[in-house]
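Let me begin by presenting the structure, written as structure tokens, before commenting on it.
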Amino acid sequence: MAILKYINNNNKSIELGNAAPFLVTTIDGLGSPQNEIYTQKSPYQDGVTATHSSLGPRNIVIEGKIMDSNRENRQAYRNKLLSVFNPKLDGKLIIDLGNVKRQIDCIVEQAPYFSSKAERNYQDFSINLIAPNPYWQDTSTTKEEIAIWRGAFEFPLELFEEGIELGYREPSLIVNIFNKGDVPCAMTIQFKALATVVNPSLFNVSTREYFKINKTMNAGEIITITTHFGNKRVELNQNGVISNAFNWIDLNSTFMQLEPGDNLLRYDADDGIDNLEVSIWHTPQYLGV
């Protein structure tokens, strides 16, 4: 049986599972959501032509029992369910199946409903959630460091005539980022300048897409690109001061997504490429659990 944990935006949380006091009996909505297919029809055409498809929101229904023979305790547990599953607050549902742990952002569509008939030892309840983004995600974000300097300075220290290697540059300009999810996912790209870097960029070898910043970056500056649908951002960090950097985007840039499977990405710069550090974060997305 799955263990469920719900956390609302006020950081109140509750755990439901296979034991008292909150025993889950059924969970509906863990599989793939409804696929909405768009079509068009020409005069005299037999059938239709499918033009596009998209997934609708995910509906999750949780049914269970409050297990406690004490009436006052059951009322306290009811109050906790109502407080955490507050329809005025967004939240996050985490499911733990033992070997798989994933999460999804939710809105409470219907606050906890309690059966009018309470048994002596338990009270039935049901909760309806809706996930506008239907994809389940890993509970942690994967980070890939493409271009970095790695420290190589170790003690005890011995001095040699040929010198001491304090660090070394990763030799490859290309990295393979594996998206283990079922569908494309967005990523967060970070360009960090150790010294002067001119016009840093990231290129997808397979799709030929790229994202480029037309700016000379000075030492310590960090530019962060977020390619999430509905949350696309480009920000410049100068000594802790964050500002909008959309005006430096190359006009042919694409807010790239990582396709399922292998993604070969190459970093570059018009000048000062050895002064550039590049990191990428992504969270795989799944059709179900």
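Lettering and numbering for the structure tokens are positional, with chains as A, B, ... in the shown order, residues counted from 1 in each chain, and ligands counted from 1 in the shown order.
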For this session: Could you give me, as a list in words, the residues within 8 Å of range 251-262 of chain A, counting only C-alpha atoms and dropping anything in the same chain fewer than 2 positions from it?
Result: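 Answer for this query is Asn176, Ile177, Phe178, Asn179, Lys180, Gly181, Asp182, Val183, Pro184, Cys185, Ala186, Met187, Glu209, Tyr210, Phe211, Lys212, Thr226, Thr227, Lys232, Ile249 and Leu264 of chain A.
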Would you put the residues from that selection into a file with N, CA and C atoms, as a PDB file, in the first residue's frame?
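Result saved to part_37.pdb:
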ATOM      1  N   ASN A 176      26.231  14.298 -22.075  1.00  0.00           N
ATOM      2  CA  ASN A 176      24.971  13.623 -22.351  1.00  0.00           C
ATOM      3  C   ASN A 176      24.112  13.678 -21.094  1.00  0.00           C
ATOM      4  N   ILE A 177      22.963  14.338 -21.192  1.00  0.00           N
ATOM      5  CA  ILE A 177      22.018  14.386 -20.079  1.00  0.00           C
ATOM      6  C   ILE A 177      20.883  13.420 -20.394  1.00  0.00           C
ATOM      7  N   PHE A 178      20.704  12.438 -19.534  1.00  0.00           N
ATOM      8  CA  PHE A 178      19.688  11.410 -19.762  1.00  0.00           C
ATOM      9  C   PHE A 178      18.413  11.768 -19.009  1.00  0.00           C
ATOM     10  N   ASN A 179      17.340  11.950 -19.777  1.00  0.00           N
ATOM     11  CA  ASN A 179      16.028  12.213 -19.196  1.00  0.00           C
ATOM     12  C   ASN A 179      15.301  10.877 -19.076  1.00  0.00           C
ATOM     13  N   LYS A 180      15.177  10.366 -17.852  1.00  0.00           N
ATOM     14  CA  LYS A 180      14.566   9.066 -17.638  1.00  0.00           C
ATOM     15  C   LYS A 180      13.044   9.130 -17.572  1.00  0.00           C
ATOM     16  N   GLY A 181      12.480  10.310 -17.755  1.00  0.00           N
ATOM     17  CA  GLY A 181      11.036  10.468 -17.706  1.00  0.00           C
ATOM     18  C   GLY A 181      10.354   9.990 -18.976  1.00  0.00           C
ATOM     19  N   ASP A 182       9.016  10.090 -18.983  1.00  0.00           N
ATOM     20  CA  ASP A 182       8.205   9.628 -20.111  1.00  0.00           C
ATOM     21  C   ASP A 182       8.004  10.703 -21.169  1.00  0.00           C
ATOM     22  N   VAL A 183       8.194  11.963 -20.828  1.00  0.00           N
ATOM     23  CA  VAL A 183       7.908  13.088 -21.730  1.00  0.00           C
ATOM     24  C   VAL A 183       9.037  14.110 -21.614  1.00  0.00           C
ATOM     25  N   PRO A 184       9.103  15.062 -22.566  1.00  0.00           N
ATOM     26  CA  PRO A 184      10.115  16.118 -22.446  1.00  0.00           C
ATOM     27  C   PRO A 184       9.949  16.894 -21.146  1.00  0.00           C
ATOM     28  N   CYS A 185      11.063  17.401 -20.631  1.00  0.00           N
ATOM     29  CA  CYS A 185      11.002  18.195 -19.400  1.00  0.00           C
ATOM     30  C   CYS A 185      11.857  19.447 -19.568  1.00  0.00           C
ATOM     31  N   ALA A 186      11.499  20.458 -18.805  1.00  0.00           N
ATOM     32  CA  ALA A 186      12.234  21.717 -18.829  1.00  0.00           C
ATOM     33  C   ALA A 186      13.532  21.583 -18.043  1.00  0.00           C
ATOM     34  N   MET A 187      14.332  22.605 -18.113  1.00  0.00           N
ATOM     35  CA  MET A 187      15.588  22.601 -17.361  1.00  0.00           C
ATOM     36  C   MET A 187      15.931  24.008 -16.908  1.00  0.00           C
ATOM     37  N   GLU A 209      18.996  23.066 -31.766  1.00  0.00           N
ATOM     38  CA  GLU A 209      18.528  24.253 -31.051  1.00  0.00           C
ATOM     39  C   GLU A 209      19.649  24.790 -30.163  1.00  0.00           C
ATOM     40  N   TYR A 210      19.548  26.061 -29.825  1.00  0.00           N
ATOM     41  CA  TYR A 210      20.533  26.619 -28.912  1.00  0.00           C
ATOM     42  C   TYR A 210      19.911  27.740 -28.091  1.00  0.00           C
ATOM     43  N   PHE A 211      20.593  28.080 -27.009  1.00  0.00           N
ATOM     44  CA  PHE A 211      20.223  29.253 -26.220  1.00  0.00           C
ATOM     45  C   PHE A 211      21.501  30.046 -25.999  1.00  0.00           C
ATOM     46  N   LYS A 212      21.464  31.329 -26.392  1.00  0.00           N
ATOM     47  CA  LYS A 212      22.663  32.159 -26.341  1.00  0.00           C
ATOM     48  C   LYS A 212      22.367  33.489 -25.663  1.00  0.00           C
ATOM     49  N   THR A 226      15.602  29.643 -17.075  1.00  0.00           N
ATOM     50  CA  THR A 226      14.594  28.646 -16.722  1.00  0.00           C
ATOM     51  C   THR A 226      13.681  28.440 -17.925  1.00  0.00           C
ATOM     52  N   THR A 227      13.531  27.197 -18.393  1.00  0.00           N
ATOM     53  CA  THR A 227      12.779  26.930 -19.627  1.00  0.00           C
ATOM     54  C   THR A 227      11.417  26.295 -19.354  1.00  0.00           C
ATOM     55  N   LYS A 232       9.025  30.856 -17.877  1.00  0.00           N
ATOM     56  CA  LYS A 232      10.303  31.095 -18.538  1.00  0.00           C
ATOM     57  C   LYS A 232      10.934  32.364 -17.968  1.00  0.00           C
ATOM     58  N   ILE A 249      18.995  38.065 -24.612  1.00  0.00           N
ATOM     59  CA  ILE A 249      18.771  36.789 -25.304  1.00  0.00           C
ATOM     60  C   ILE A 249      18.986  36.960 -26.800  1.00  0.00           C
ATOM     61  N   LEU A 264      22.417  15.268 -26.061  1.00  0.00           N
ATOM     62  CA  LEU A 264      23.797  15.732 -26.154  1.00  0.00           C
ATOM     63  C   LEU A 264      23.816  17.259 -26.211  1.00  0.00           C
TER      64      LEU A 264
END
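Among A:Gln123, A:Leu287, A:Pro43, A:Cys106, the residue with the shortest atom-to-atom distance to Ala76 in chain A, counting only C-alpha atoms, is A:Gln123.
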For this session: Would you mind listing what lies within 9 Å of range 141-144 of chain A as a PyMOL selection string, with only C-alpha atoms counted and same-chain residues fewer than 6 positions away left out?
Result: chain A and resi 175+177+278-284
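Look at range 115-122 of chain A: the protein and nucleic acid residues within 9 Å of it, using only C-alpha atoms and passing over chain neighbours fewer than 4 places away, are Pro21, Lys65, Ile66, Met67, Asp68, Ser69, Asn70, Arg71, Arg74 and Ser126 of chain A.
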Selection export as a PDB file, in the first residue's frame, atoms kept: N, CA and C atoms:
ATOM      1  N   PRO A  21      -3.718   6.699  12.291  1.00  0.00           N
ATOM      2  CA  PRO A  21      -5.158   6.959  12.310  1.00  0.00           C
ATOM      3  C   PRO A  21      -5.787   7.173  10.939  1.00  0.00           C
ATOM      4  N   LYS A  65     -10.284   5.853   5.938  1.00  0.00           N
ATOM      5  CA  LYS A  65     -10.982   5.796   7.210  1.00  0.00           C
ATOM      6  C   LYS A  65     -10.111   6.407   8.308  1.00  0.00           C
ATOM      7  N   ILE A  66     -10.737   7.188   9.178  1.00  0.00           N
ATOM      8  CA  ILE A  66     -10.087   7.634  10.407  1.00  0.00           C
ATOM      9  C   ILE A  66     -10.282   6.519  11.423  1.00  0.00           C
ATOM     10  N   MET A  67      -9.194   5.902  11.832  1.00  0.00           N
ATOM     11  CA  MET A  67      -9.259   4.738  12.715  1.00  0.00           C
ATOM     12  C   MET A  67      -8.963   5.144  14.155  1.00  0.00           C
ATOM     13  N   ASP A  68     -10.005   5.262  14.969  1.00  0.00           N
ATOM     14  CA  ASP A  68      -9.838   5.523  16.396  1.00  0.00           C
ATOM     15  C   ASP A  68     -11.196   5.307  17.066  1.00  0.00           C
ATOM     16  N   SER A  69     -11.208   4.576  18.132  1.00  0.00           N
ATOM     17  CA  SER A  69     -12.469   4.285  18.811  1.00  0.00           C
ATOM     18  C   SER A  69     -12.946   5.443  19.681  1.00  0.00           C
ATOM     19  N   ASN A  70     -12.044   6.402  19.938  1.00  0.00           N
ATOM     20  CA  ASN A  70     -12.403   7.544  20.776  1.00  0.00           C
ATOM     21  C   ASN A  70     -13.024   8.639  19.915  1.00  0.00           C
ATOM     22  N   ARG A  71     -14.226   9.033  20.244  1.00  0.00           N
ATOM     23  CA  ARG A  71     -14.953  10.014  19.438  1.00  0.00           C
ATOM     24  C   ARG A  71     -14.245  11.363  19.395  1.00  0.00           C
ATOM     25  N   ARG A  74     -11.320  11.197  17.038  1.00  0.00           N
ATOM     26  CA  ARG A  74     -11.756  11.202  15.636  1.00  0.00           C
ATOM     27  C   ARG A  74     -12.084  12.628  15.177  1.00  0.00           C
ATOM     28  N   SER A 126     -13.346  11.138   2.251  1.00  0.00           N
ATOM     29  CA  SER A 126     -12.876  11.178   0.858  1.00  0.00           C
ATOM     30  C   SER A 126     -12.362  12.579   0.551  1.00  0.00           C
TER      31      SER A 126
END
